[in-house]
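Data file: final13.tsv. Format and content: TSV, C-alpha atoms and all ligand atoms.
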```tsv
chain	number	residue	atom	x	y	z
A	1	MET	CA	213.62	-61.39	105.26
A	2	LYS	CA	211.71	-58.27	104.28
A	3	LYS	CA	208.67	-59.08	102.22
A	4	PRO	CA	208.36	-57.49	98.79
A	5	ILE	CA	205.97	-54.57	98.30
A	6	TYR	CA	202.56	-55.88	97.35
A	7	LEU	CA	201.50	-54.52	93.97
A	8	ASP	CA	199.34	-57.38	92.77
A	9	ASN	CA	195.90	-56.14	93.78
A	10	ASN	CA	194.26	-57.42	90.60
A	11	ALA	CA	195.11	-60.94	91.80
A	12	THR	CA	193.79	-60.44	95.29
A	13	THR	CA	193.62	-57.78	97.98
A	14	ARG	CA	194.49	-57.66	101.62
A	15	LEU	CA	191.53	-58.07	103.95
A	16	ASP	CA	190.78	-54.61	105.31
A	17	PRO	CA	191.31	-54.63	109.11
A	18	LEU	CA	187.91	-52.92	109.46
A	19	VAL	CA	186.34	-55.85	107.61
A	20	PHE	CA	188.13	-58.34	109.85
A	21	GLU	CA	186.80	-56.54	112.95
A	22	LYS	CA	183.23	-57.03	111.72
A	23	MET	CA	183.83	-60.70	110.87
A	24	LYS	CA	185.46	-61.73	114.14
A	25	PRO	CA	182.35	-62.11	116.33
A	26	PHE	CA	180.87	-64.49	113.76
A	27	PHE	CA	183.77	-66.89	114.25
A	28	GLU	CA	183.51	-66.61	118.01
A	29	GLU	CA	180.32	-66.04	119.97
A	30	GLU	CA	177.85	-65.53	117.10
A	31	TYR	CA	178.22	-68.88	115.40
A	32	GLY	CA	174.57	-69.62	114.73
A	33	ASN	CA	173.17	-71.00	111.50
A	34	PRO	CA	170.90	-68.41	109.87
A	35	ALA	CA	168.54	-71.24	108.94
A	36	SER	CA	167.90	-71.97	112.65
A	37	GLN	CA	164.59	-70.29	113.31
A	38	SER	CA	164.00	-71.35	116.90
A	39	HIS	CA	166.69	-69.49	118.89
A	40	CYS	CA	168.62	-66.25	119.09
A	41	TYR	CA	171.84	-67.75	117.64
A	42	GLY	CA	170.04	-68.32	114.39
A	43	TRP	CA	168.17	-65.01	114.47
A	44	GLU	CA	171.36	-63.01	115.01
A	45	ALA	CA	173.12	-64.75	112.15
A	46	GLU	CA	170.08	-64.19	109.95
A	47	MET	CA	170.05	-60.48	110.81
A	48	ALA	CA	173.74	-60.16	109.97
A	49	VAL	CA	173.23	-61.87	106.60
A	50	LYS	CA	170.31	-59.54	105.89
A	51	THR	CA	172.42	-56.46	106.63
A	52	ALA	CA	175.22	-57.72	104.39
A	53	ARG	CA	172.81	-58.42	101.54
A	54	LYS	CA	171.60	-54.84	101.79
A	55	GLN	CA	175.17	-53.53	101.76
A	56	VAL	CA	176.09	-55.49	98.63
A	57	ALA	CA	172.82	-54.51	96.93
A	58	GLU	CA	173.50	-50.83	97.61
A	59	LEU	CA	176.92	-50.99	95.99
A	60	ILE	CA	175.43	-52.12	92.68
A	61	GLY	CA	172.03	-50.41	92.81
A	62	ALA	CA	170.13	-53.69	93.16
A	63	ASP	CA	167.07	-54.76	95.11
A	64	THR	CA	168.17	-56.64	98.23
A	65	GLN	CA	166.29	-59.81	97.38
A	66	HIS	CA	168.13	-60.04	94.04
A	67	VAL	CA	171.54	-60.70	95.66
A	68	PHE	CA	172.57	-64.36	96.08
A	69	TRP	CA	175.64	-65.60	97.98
A	70	THR	CA	178.22	-67.79	96.29
A	71	SER	CA	181.80	-68.84	96.98
A	72	GLY	CA	183.26	-66.18	94.67
A	73	ALA	CA	183.18	-64.81	91.17
A	74	THR	CA	184.10	-68.17	89.62
A	75	GLU	CA	180.99	-69.75	91.06
A	76	SER	CA	178.87	-66.69	90.27
A	77	ASN	CA	179.98	-66.85	86.63
A	78	ASN	CA	179.26	-70.57	86.44
A	79	LEU	CA	175.86	-70.16	88.04
A	80	ALA	CA	174.94	-67.23	85.80
A	81	ILE	CA	176.10	-68.70	82.50
A	82	LEU	CA	175.35	-72.38	83.00
A	83	GLY	CA	172.18	-71.58	84.89
A	84	ILE	CA	170.81	-69.52	82.02
A	85	VAL	CA	172.11	-71.67	79.19
A	86	LYS	CA	170.87	-74.97	80.63
A	87	ASN	CA	167.48	-73.40	81.04
A	88	LEU	CA	167.49	-72.10	77.47
A	89	ILE	CA	168.50	-75.49	76.13
A	90	TYR	CA	165.91	-77.37	78.17
A	91	SER	CA	163.03	-75.02	77.54
A	92	ARG	CA	163.41	-73.80	73.96
A	93	LYS	CA	163.19	-75.37	70.57
A	94	LYS	CA	165.74	-73.03	69.02
A	95	THR	CA	169.42	-73.56	69.75
A	96	PRO	CA	170.51	-70.56	71.81
A	97	HIS	CA	173.32	-68.42	70.41
A	98	ILE	CA	175.51	-67.00	73.16
A	99	ILE	CA	178.34	-64.46	72.93
A	100	THR	CA	181.34	-63.56	75.06
A	101	ALA	CA	184.71	-61.87	74.45
A	102	ALA	CA	188.16	-63.38	73.88
A	103	THR	CA	189.61	-61.44	76.83
A	104	GLU	CA	187.27	-62.83	79.48
A	105	HIS	CA	188.50	-64.60	82.60
A	106	LYS	CA	188.79	-68.39	82.27
A	107	ALA	CA	185.85	-68.64	84.67
A	108	VAL	CA	183.75	-67.36	81.77
A	109	LEU	CA	185.58	-68.74	78.74
A	110	ASP	CA	185.72	-72.31	80.02
A	111	VAL	CA	182.05	-72.23	80.95
A	112	PHE	CA	181.27	-71.13	77.40
A	113	LYS	CA	183.28	-74.08	76.09
A	114	PHE	CA	181.19	-76.37	78.23
A	115	CYS	CA	177.99	-74.69	77.00
A	116	GLU	CA	179.08	-75.52	73.47
A	117	GLN	CA	179.29	-79.19	74.49
A	118	LEU	CA	175.78	-78.87	75.89
A	119	GLY	CA	174.59	-77.76	72.47
A	120	ALA	CA	174.68	-73.97	72.56
A	121	GLU	CA	175.96	-72.02	69.57
A	122	VAL	CA	178.96	-70.06	70.87
A	123	THR	CA	180.68	-66.94	69.56
A	124	ILE	CA	183.90	-65.74	71.16
A	125	ALA	CA	184.10	-62.16	69.95
A	126	THR	CA	187.33	-60.39	69.06
A	127	VAL	CA	188.16	-57.14	70.82
A	128	ASN	CA	189.74	-53.88	69.67
A	129	GLU	CA	193.39	-52.94	70.32
A	130	PHE	CA	192.48	-51.73	73.82
A	131	GLY	CA	190.64	-54.92	74.75
A	132	GLN	CA	187.09	-53.64	74.36
A	133	LEU	CA	184.22	-55.45	72.72
A	134	GLU	CA	182.55	-52.65	70.81
A	135	LEU	CA	178.80	-52.38	70.51
A	136	SER	CA	179.06	-51.94	66.73
A	137	HIS	CA	180.88	-55.29	66.53
A	138	LEU	CA	178.34	-56.93	68.79
A	139	LYS	CA	175.54	-55.72	66.52
A	140	GLN	CA	177.22	-57.51	63.61
A	141	LEU	CA	177.54	-60.71	65.61
A	142	LYS	CA	173.92	-60.79	66.71
A	143	LYS	CA	171.76	-63.46	65.12
A	144	GLU	CA	168.06	-64.09	65.36
A	145	ASN	CA	168.70	-66.75	68.04
A	146	THR	CA	171.12	-64.69	70.15
A	147	ALA	CA	169.81	-65.14	73.68
A	148	PHE	CA	172.65	-64.40	76.08
A	149	ILE	CA	175.77	-62.21	76.27
A	150	SER	CA	178.45	-62.25	78.94
A	151	LEU	CA	180.92	-59.37	78.98
A	152	MET	CA	183.30	-58.37	81.75
A	153	ALA	CA	183.03	-54.87	83.18
A	154	ALA	CA	186.80	-54.60	83.65
A	155	ASN	CA	189.62	-56.85	82.56
A	156	ASN	CA	191.82	-58.44	85.21
A	157	GLU	CA	195.07	-58.24	83.23
A	158	ILE	CA	194.96	-54.95	81.35
A	159	GLY	CA	192.30	-53.11	83.35
A	160	THR	CA	190.28	-52.15	80.28
A	161	LEU	CA	186.69	-51.08	80.91
A	162	ASN	CA	183.91	-52.13	78.56
A	163	ASP	CA	181.00	-49.82	77.84
A	164	ILE	CA	178.68	-51.93	79.94
A	165	GLU	CA	175.91	-49.35	80.03
A	166	SER	CA	175.51	-49.03	76.24
A	167	ILE	CA	175.78	-52.78	75.75
A	168	GLY	CA	173.40	-53.53	78.62
A	169	LYS	CA	170.79	-51.14	77.26
A	170	TRP	CA	171.12	-52.58	73.76
A	171	CYS	CA	170.73	-56.10	75.16
A	172	ARG	CA	167.58	-55.05	76.95
A	173	GLU	CA	166.12	-53.50	73.79
A	174	ASN	CA	166.88	-56.72	71.94
A	175	LYS	CA	165.62	-59.05	74.68
A	176	ILE	CA	169.06	-60.58	75.15
A	177	ILE	CA	169.95	-61.66	78.68
A	178	PHE	CA	173.06	-59.77	79.82
A	179	HIS	CA	175.64	-60.97	82.35
A	180	THR	CA	178.72	-59.06	83.46
A	181	ASP	CA	181.71	-60.37	85.41
A	182	ALA	CA	182.38	-57.38	87.64
A	183	ALA	CA	184.95	-59.02	89.94
A	184	GLN	CA	187.51	-56.32	89.11
A	185	ALA	CA	185.08	-53.47	88.66
A	186	THR	CA	183.03	-53.48	91.86
A	187	GLY	CA	184.08	-50.57	94.02
A	188	LYS	CA	186.18	-49.06	91.22
A	189	ILE	CA	183.56	-47.90	88.74
A	190	ASN	CA	179.98	-46.83	89.22
A	191	LEU	CA	177.76	-49.85	88.78
A	192	ASP	CA	174.01	-49.54	88.67
A	193	VAL	CA	172.40	-52.75	87.50
A	194	LYS	CA	169.03	-51.13	86.79
A	195	LYS	CA	170.33	-48.13	84.88
A	196	MET	CA	172.82	-50.26	82.95
A	197	GLY	CA	170.47	-53.01	81.83
A	198	ILE	CA	172.40	-55.72	83.68
A	199	ASP	CA	170.50	-58.96	84.32
A	200	LEU	CA	173.27	-60.87	86.09
A	201	LEU	CA	176.41	-59.56	87.80
A	202	SER	CA	179.24	-61.50	89.44
A	203	LEU	CA	181.38	-60.08	92.20
A	204	SER	CA	184.01	-61.40	94.58
A	205	GLY	CA	184.98	-60.57	98.18
A	206	HIS	CA	188.73	-60.92	97.86
A	207	LYS	CA	189.07	-58.46	94.98
A	208	MET	CA	187.60	-55.69	97.13
A	209	TYR	CA	189.35	-56.02	100.51
A	210	GLY	CA	186.93	-58.63	101.74
A	211	PRO	CA	187.62	-62.30	102.50
A	212	LYS	CA	188.38	-65.08	100.03
A	213	GLY	CA	185.84	-67.79	99.32
A	214	ILE	CA	182.81	-65.51	99.27
A	215	GLY	CA	181.09	-63.75	96.42
A	216	ALA	CA	177.69	-62.82	95.13
A	217	LEU	CA	175.56	-63.07	92.05
A	218	TYR	CA	172.99	-60.41	91.27
A	219	VAL	CA	169.99	-61.87	89.48
A	220	ASN	CA	167.35	-59.62	87.93
A	221	LEU	CA	164.28	-61.57	88.97
A	222	ASP	CA	162.09	-58.81	87.56
A	223	ASN	CA	163.02	-59.89	84.03
A	224	PRO	CA	160.79	-62.89	83.21
A	225	ASP	CA	163.38	-64.17	80.70
A	226	VAL	CA	165.96	-64.59	83.48
A	227	LYS	CA	165.37	-68.15	84.58
A	228	LEU	CA	168.28	-69.92	86.26
A	229	SER	CA	168.76	-73.63	86.79
A	230	PRO	CA	170.71	-74.25	90.01
A	231	LEU	CA	174.05	-76.07	89.75
A	232	MET	CA	173.66	-77.84	93.09
A	233	PHE	CA	170.84	-79.31	95.09
A	234	GLY	CA	170.38	-79.44	98.83
A	235	GLY	CA	168.82	-77.60	101.72
A	236	GLY	CA	167.02	-74.96	99.69
A	237	GLN	CA	169.04	-71.96	100.91
A	238	GLU	CA	169.11	-68.85	98.70
A	239	GLY	CA	165.76	-69.70	97.23
A	240	GLY	CA	167.11	-73.07	96.12
A	241	LEU	CA	169.43	-71.32	93.68
A	242	ARG	CA	172.53	-71.97	95.75
A	243	PRO	CA	171.92	-74.40	98.59
A	244	GLY	CA	174.28	-75.04	101.49
A	245	THR	CA	174.74	-73.51	104.94
A	246	LEU	CA	175.67	-69.87	104.54
A	247	ASN	CA	179.25	-68.73	105.18
A	248	VAL	CA	178.17	-66.16	107.73
A	249	PRO	CA	181.58	-64.64	108.61
A	250	GLY	CA	182.41	-64.40	104.92
A	251	ILE	CA	179.05	-62.83	104.11
A	252	VAL	CA	179.44	-60.30	106.91
A	253	GLY	CA	182.91	-59.50	105.59
A	254	LEU	CA	181.71	-59.06	102.02
A	255	GLY	CA	178.92	-56.81	103.26
A	256	GLU	CA	181.34	-54.61	105.16
A	257	ALA	CA	183.75	-54.58	102.20
A	258	ALA	CA	180.90	-53.36	99.98
A	259	HIS	CA	179.95	-50.74	102.55
A	260	LEU	CA	183.54	-49.43	102.72
A	261	ALA	CA	183.91	-49.45	98.94
A	262	LEU	CA	180.84	-47.27	98.59
A	263	LYS	CA	181.73	-44.98	101.48
A	264	ASN	CA	185.26	-44.25	100.21
A	265	PHE	CA	184.48	-44.54	96.51
A	266	GLU	CA	185.49	-41.07	95.23
A	267	GLN	CA	188.43	-40.51	97.53
A	268	GLU	CA	189.92	-43.96	97.01
A	269	ASN	CA	189.62	-43.93	93.24
A	270	GLU	CA	191.04	-40.41	92.98
A	271	LYS	CA	194.06	-41.39	95.06
A	272	SER	CA	194.58	-44.56	93.07
A	273	LYS	CA	194.25	-42.80	89.70
A	274	LYS	CA	196.86	-40.23	90.70
A	275	LEU	CA	199.36	-42.92	91.63
A	276	ARG	CA	198.50	-44.93	88.53
A	277	ASP	CA	198.97	-41.97	86.22
A	278	PHE	CA	202.21	-40.98	87.93
A	279	LEU	CA	203.54	-44.49	87.36
A	280	ILE	CA	202.45	-44.56	83.72
A	281	HIS	CA	203.91	-41.14	83.04
A	282	GLU	CA	207.25	-41.91	84.71
A	283	VAL	CA	207.74	-45.18	82.88
A	284	LEU	CA	206.62	-43.99	79.46
A	285	THR	CA	208.73	-40.81	79.59
A	286	HIS	CA	211.91	-42.50	80.80
A	287	ILE	CA	211.78	-45.83	79.02
A	288	PRO	CA	211.34	-45.68	75.25
A	289	GLN	CA	211.06	-49.49	75.10
A	290	ALA	CA	207.92	-49.41	77.27
A	291	LYS	CA	204.39	-49.68	75.94
A	292	LEU	CA	201.19	-49.35	77.95
A	293	ASN	CA	198.74	-52.18	77.34
A	294	GLY	CA	195.01	-51.58	77.57
A	295	HIS	CA	193.14	-48.33	77.23
A	296	PRO	CA	194.92	-45.04	78.12
A	297	SER	CA	191.92	-43.66	80.01
A	298	GLU	CA	189.10	-46.25	80.04
A	299	ARG	CA	190.88	-48.42	82.57
A	300	LEU	CA	190.64	-49.46	86.19
A	301	SER	CA	191.96	-46.89	88.64
A	302	ASN	CA	194.27	-49.53	90.10
A	303	ASN	CA	195.70	-51.27	87.04
A	304	VAL	CA	198.82	-50.69	84.98
A	305	ASN	CA	200.12	-53.12	82.38
A	306	PHE	CA	203.35	-52.57	80.46
A	307	SER	CA	205.26	-54.48	77.84
A	308	PHE	CA	208.97	-53.90	77.35
A	309	LYS	CA	210.69	-54.33	74.04
A	310	ASP	CA	213.97	-56.28	73.95
A	311	LEU	CA	214.04	-57.17	77.61
A	312	PRO	CA	215.52	-60.59	78.44
A	313	ALA	CA	213.30	-62.60	80.79
A	314	ASP	CA	216.00	-63.35	83.37
A	315	LEU	CA	216.86	-59.67	83.77
A	316	PHE	CA	213.20	-58.98	84.17
A	317	ALA	CA	212.76	-61.38	87.06
A	318	LEU	CA	215.94	-60.36	88.82
A	319	GLY	CA	215.44	-56.62	88.48
A	320	LEU	CA	212.01	-56.71	90.00
A	321	SER	CA	212.85	-58.59	93.17
A	322	GLY	CA	211.39	-56.62	96.04
A	323	LEU	CA	208.17	-56.08	94.15
A	324	ALA	CA	205.23	-58.47	94.24
A	325	VAL	CA	203.86	-57.86	90.76
A	326	SER	CA	202.54	-60.19	88.11
A	327	SER	CA	203.77	-61.15	84.69
A	328	GLY	CA	200.42	-62.32	83.41
A	329	SER	CA	197.26	-63.04	85.34
A	330	ALA	CA	197.60	-64.73	88.71
A	331	CYS	CA	195.72	-67.78	87.57
A	332	SER	CA	197.92	-68.36	84.55
A	333	SER	CA	201.32	-67.04	85.66
A	334	LYS	CA	202.41	-70.62	86.39
A	335	SER	CA	201.97	-71.68	82.80
A	336	ALA	CA	204.81	-70.77	80.50
A	337	GLY	CA	202.81	-69.52	77.51
A	338	SER	CA	202.12	-65.86	76.99
A	339	SER	CA	198.87	-64.26	78.01
A	340	TYR	CA	195.85	-64.89	75.77
A	341	VAL	CA	194.52	-61.47	76.74
A	342	LEU	CA	197.62	-59.71	75.41
A	343	LYS	CA	197.49	-61.85	72.27
A	344	ALA	CA	193.84	-60.87	71.81
A	345	ILE	CA	194.78	-57.18	71.72
A	346	GLY	CA	197.34	-57.94	69.05
A	347	LEU	CA	200.61	-58.17	70.93
A	348	GLU	CA	203.26	-60.34	69.37
A	349	ASP	CA	204.54	-63.20	71.49
A	350	SER	CA	207.83	-61.63	72.56
A	351	LEU	CA	206.12	-58.47	73.79
A	352	ALA	CA	203.41	-60.42	75.55
A	353	LYS	CA	206.07	-62.42	77.37
A	354	SER	CA	207.82	-59.28	78.63
A	355	SER	CA	204.68	-57.84	80.13
A	356	LEU	CA	204.13	-56.68	83.64
A	357	ARG	CA	200.91	-56.10	85.55
A	358	ILE	CA	201.03	-53.71	88.48
A	359	GLY	CA	197.96	-53.68	90.68
A	360	LEU	CA	197.68	-50.74	93.06
A	361	GLY	CA	195.49	-50.94	96.11
A	362	ARG	CA	193.94	-49.31	99.14
A	363	PHE	CA	197.15	-49.73	101.11
A	364	THR	CA	199.57	-48.61	98.39
A	365	GLN	CA	201.69	-45.56	99.26
A	366	LYS	CA	203.38	-43.01	97.04
A	367	GLU	CA	206.77	-44.39	98.19
A	368	ASP	CA	205.79	-47.85	96.93
A	369	ILE	CA	205.13	-46.46	93.47
A	370	GLU	CA	208.34	-44.43	93.51
A	371	LEU	CA	210.29	-47.56	94.34
A	372	CYS	CA	208.44	-49.42	91.62
A	373	CYS	CA	209.37	-46.72	89.10
A	374	SER	CA	213.03	-46.80	90.04
A	375	LYS	CA	213.14	-50.61	89.84
A	376	ILE	CA	211.63	-50.55	86.37
A	377	LYS	CA	214.01	-47.85	85.22
A	378	GLY	CA	216.85	-49.87	86.75
A	379	LEU	CA	216.02	-52.79	84.46
A	380	PHE	CA	217.26	-50.79	81.52
A	381	ASN	CA	220.48	-49.52	83.07
A	382	HIS	CA	222.11	-52.88	82.39
A	383	ILE	CA	221.23	-53.16	78.74
A	401	LIG	C1	189.40	-62.89	90.26
A	401	LIG	C2	188.47	-62.93	89.13
A	401	LIG	C3	187.57	-63.99	88.99
A	401	LIG	C4	187.53	-65.16	89.95
A	401	LIG	O1	187.05	-64.76	91.20
A	401	LIG	P1	187.14	-65.74	92.46
A	401	LIG	O2	186.32	-65.03	93.50
A	401	LIG	O3	188.58	-65.83	92.81
A	401	LIG	O4	186.55	-67.04	92.07
A	401	LIG	C5	186.71	-63.97	87.93
A	401	LIG	N1	186.72	-62.96	87.05
A	401	LIG	C6	187.56	-61.92	87.15
A	401	LIG	C7	187.52	-60.83	86.14
A	401	LIG	C8	188.47	-61.87	88.19
A	401	LIG	O5	189.32	-60.86	88.28
```
Please rewrite the model in this file as structure tokens.
Amino acid sequence: MKKPIYLDNNATTRLDPLVFEKMKPFFEEEYGNPASQSHCYGWEAEMAVKTARKQVAELIGADTQHVFWTSGATESNNLAILGIVKNLIYSRKKTPHIITAATEHKAVLDVFKFCEQLGAEVTIATVNEFGQLELSHLKQLKKENTAFISLMAANNEIGTLNDIESIGKWCRENKIIFHTDAAQATGKINLDVKKMGIDLLSLSGHKMYGPKGIGALYVNLDNPDVKLSPLMFGGGQEGGLRPGTLNVPGIVGLGEAAHLALKNFEQENEKSKKLRDFLIHEVLTHIPQAKLNGHPSERLSNNVNFSFKDLPADLFALGLSGLAVSSGSACSSKSAGSSYVLKAIGLEDSLAKSSLRIGLGRFTQKEDIELCCSKIKGLFNHI
């Protein structure tokens, strides 16, 4: 059976063959533990990890020693949020007030819920019709004990970009620690942690053509307010912040993925934007029942999200066979309810349920998008 065309690159991406090439030796002959200081197996692994750390740091404008390895963006988010909040709770007399947005990934929202149980004062901010948390709104939400804000750089369902730079700078001026979940954004928008006032940034290998099960957390150790409690204890790796033997092949893969993302940045995003805009234009001009969710221009180069009015769900599923797309976020597409992200931007239930996320990627061809367009148009021929 022919496999459907993969257009779900906001859920995960294919490992780039160039990344795999770089990883391979670290499964085979170069299997040393970077913590082994007494022989060349260890030294070689340590060198490879060092190179990868530099590659990831370069992608986000960070100092090399501020990049810490994790198992992915979920862990990075947990380490960033819980790490900061536990420290604030343990070390301060004031209850810390912490803010995030209603459209965040569950790997942020559920950590905030837990922080509330720990005693933090939590605000889940509403977003505008495009899914952005506006700085003006944030200013209204700020209290005298606001200590930490977590806001995603780009949304995984609707692709909306937040104005991270303005918010980061404002946080810095107000001595608020600022974390951004950049799992979707790394490699797609310019990220410069220093210029943007970012204290903590989460990223993930498998969203950027690297392997699954590896990610990184940037930690601004130059900011004396940024003090993280570790979530685990053990062998003291990563400065004790994230102990455990390093996943060397994964780290090498993430490093190479970061290197490729930076190298091909302009060209790849231009190509993706063209295809994205072609798809949006085709669907919106031919299908009056279609609505584009998210921001018309402030969106990821690889994300399209439509809702279709009056489209029965069974037709929807049938008509799109041959396309691997998502009707909701990958993590929640199993649950029957409609997307909380689409609800947060004001979509009524029926529209939210007839929504479609199309995630373009490095390996997407024009023909794939043309087929996608004709399949979507085909949905409405039967009505
Ligand atoms: C995919 C994703 C995550 C989770 O990343 P993992 O590396 O799979 O743990 C978190 N946040 C956003 C915005 C994502 O898109």
With the cut-off set at 7 Å and counting all atoms listed in the file, tabulate each residue of chain A with an atom at most that distance from an atom of ligand LIG 401 (chain A), showing the nearest atom pair and its distance in Å to one decimal, ordered by chain and increasing number, as a Markdown table.
```
| residue | atom | partner | partner_atom | distance |
| --- | --- | --- | --- | --- |
| A:Asn10 | CA | A:LIG401 | O5 | 6.5 |
| A:Ala11 | CA | A:LIG401 | C1 | 6.2 |
| A:Ser71 | CA | A:LIG401 | O2 | 6.9 |
| A:Gly72 | CA | A:LIG401 | O2 | 3.5 |
| A:Ala73 | CA | A:LIG401 | O1 | 3.9 |
| A:Thr74 | CA | A:LIG401 | O4 | 3.6 |
| A:Glu75 | CA | A:LIG401 | O4 | 6.3 |
| A:Glu104 | CA | A:LIG401 | C7 | 7.0 |
| A:His105 | CA | A:LIG401 | N1 | 5.1 |
| A:Ala107 | CA | A:LIG401 | C5 | 5.8 |
| A:Met152 | CA | A:LIG401 | C7 | 6.6 |
| A:Ala154 | CA | A:LIG401 | C7 | 6.7 |
| A:Asn155 | CA | A:LIG401 | C7 | 5.8 |
| A:Asn156 | CA | A:LIG401 | O5 | 4.6 |
| A:Asp181 | CA | A:LIG401 | N1 | 5.9 |
| A:Ala182 | CA | A:LIG401 | C7 | 6.4 |
| A:Ala183 | CA | A:LIG401 | C6 | 4.8 |
| A:Gln184 | CA | A:LIG401 | O5 | 5.0 |
| A:Ser204 | CA | A:LIG401 | O2 | 4.4 |
| A:Gly205 | CA | A:LIG401 | O2 | 6.6 |
| A:His206 | CA | A:LIG401 | O2 | 6.5 |
| A:Lys207 | CA | A:LIG401 | C1 | 6.5 |
| A:Lys212 | CA | A:LIG401 | O2 | 6.8 |
| A:Gly213 | CA | A:LIG401 | O2 | 6.5 |
| A:Ile214 | CA | A:LIG401 | O2 | 6.8 |
| A:Gly215 | CA | A:LIG401 | O2 | 6.1 |
```
For Ala257 in chain A: contacts at 9 Å, all atoms listed in the file, fewer than 3 positions along chain excluded, given as a PDB file with C-alpha atoms, keeping the file's coordinate frame:
```
ATOM      1  CA  LEU A  15     191.530 -58.070 103.950  1.00  0.00           C
ATOM      2  CA  ASP A  16     190.780 -54.610 105.310  1.00  0.00           C
ATOM      3  CA  LEU A  18     187.910 -52.920 109.460  1.00  0.00           C
ATOM      4  CA  VAL A  19     186.340 -55.850 107.610  1.00  0.00           C
ATOM      5  CA  GLN A  55     175.170 -53.530 101.760  1.00  0.00           C
ATOM      6  CA  VAL A  56     176.090 -55.490  98.630  1.00  0.00           C
ATOM      7  CA  GLY A 205     184.980 -60.570  98.180  1.00  0.00           C
ATOM      8  CA  MET A 208     187.600 -55.690  97.130  1.00  0.00           C
ATOM      9  CA  TYR A 209     189.350 -56.020 100.510  1.00  0.00           C
ATOM     10  CA  GLY A 210     186.930 -58.630 101.740  1.00  0.00           C
ATOM     11  CA  PRO A 211     187.620 -62.300 102.500  1.00  0.00           C
ATOM     12  CA  VAL A 252     179.440 -60.300 106.910  1.00  0.00           C
ATOM     13  CA  GLY A 253     182.910 -59.500 105.590  1.00  0.00           C
ATOM     14  CA  LEU A 254     181.710 -59.060 102.020  1.00  0.00           C
ATOM     15  CA  LEU A 260     183.540 -49.430 102.720  1.00  0.00           C
ATOM     16  CA  ALA A 261     183.910 -49.450  98.940  1.00  0.00           C
ATOM     17  CA  LEU A 262     180.840 -47.270  98.590  1.00  0.00           C
TER      18      LEU A 262
END
```
Specify the axis-aligned box that encloses all atoms of range 92-105 of chain A listed in the file after padding of 5 Å on each side, stating its centre and edge lengths in Å to one decimal as AutoDock Vina command-line options.
```
--center_x 176.4 --center_y -68.4 --center_z 75.8 --size_x 36.4 --size_y 23.9 --size_z 23.6
```
Would you mind listing what lies within 6 Å of range 298-313 of chain A as a PyMOL selection string, with all atoms listed in the file counted and same-chain residues fewer than 6 positions away left out?
chain A and resi 158-161+269+272-273+289-292+351+354-360
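Distances to Gln267 in chain A were evaluated for A:Gly187, A:Thr245, A:Lys142, A:Leu221 using only C-alpha atoms, and the minimum falls at A:Gly187.
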So the first atom is CA of Gly322 in chain A and the second is CA of Ser374 in chain A; what is the distance between them in Å, to one decimal place?
11.6 Å
Test item: residues at most 12 Å from Leu228 in chain A, all atoms listed in the file, excluding those fewer than 3 positions along its chain, as a ChimeraX atom specification:
/A:76,78-91,177,199-200,217-221,223-225,231-232,239-242
d(CA of Phe265 in chain A, CA of Ser166 in chain A) in Å:
22.6 Å
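Note that the spacing between CA of Glu348 in chain A and CA of Val127 in chain A amounts to 15.5 Å.
Counting only C-alpha atoms and comparing A:Glu129, A:Glu370, A:Ile99, A:Ile176, the residue that lies closest to Leu141 in chain A is A:Ile99.
Candidate residues A:Met1, A:Leu320, A:Ile198, A:Leu347 were compared for distance to Gly378 in chain A, and the nearest is A:Leu320, using all atoms listed in the file.
The smallest atom-to-atom distance between Cys115 in chain A and any of A:Lys263, A:His66, A:Lys353, A:His97, using all atoms listed in the file, is found for A:His97.
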The residue from A:Gln37, A:Asn145, A:Thr70, A:Asn9 with the smallest atom-to-atom distance to Pro230 in chain A, counting all atoms listed in the file, is A:Thr70
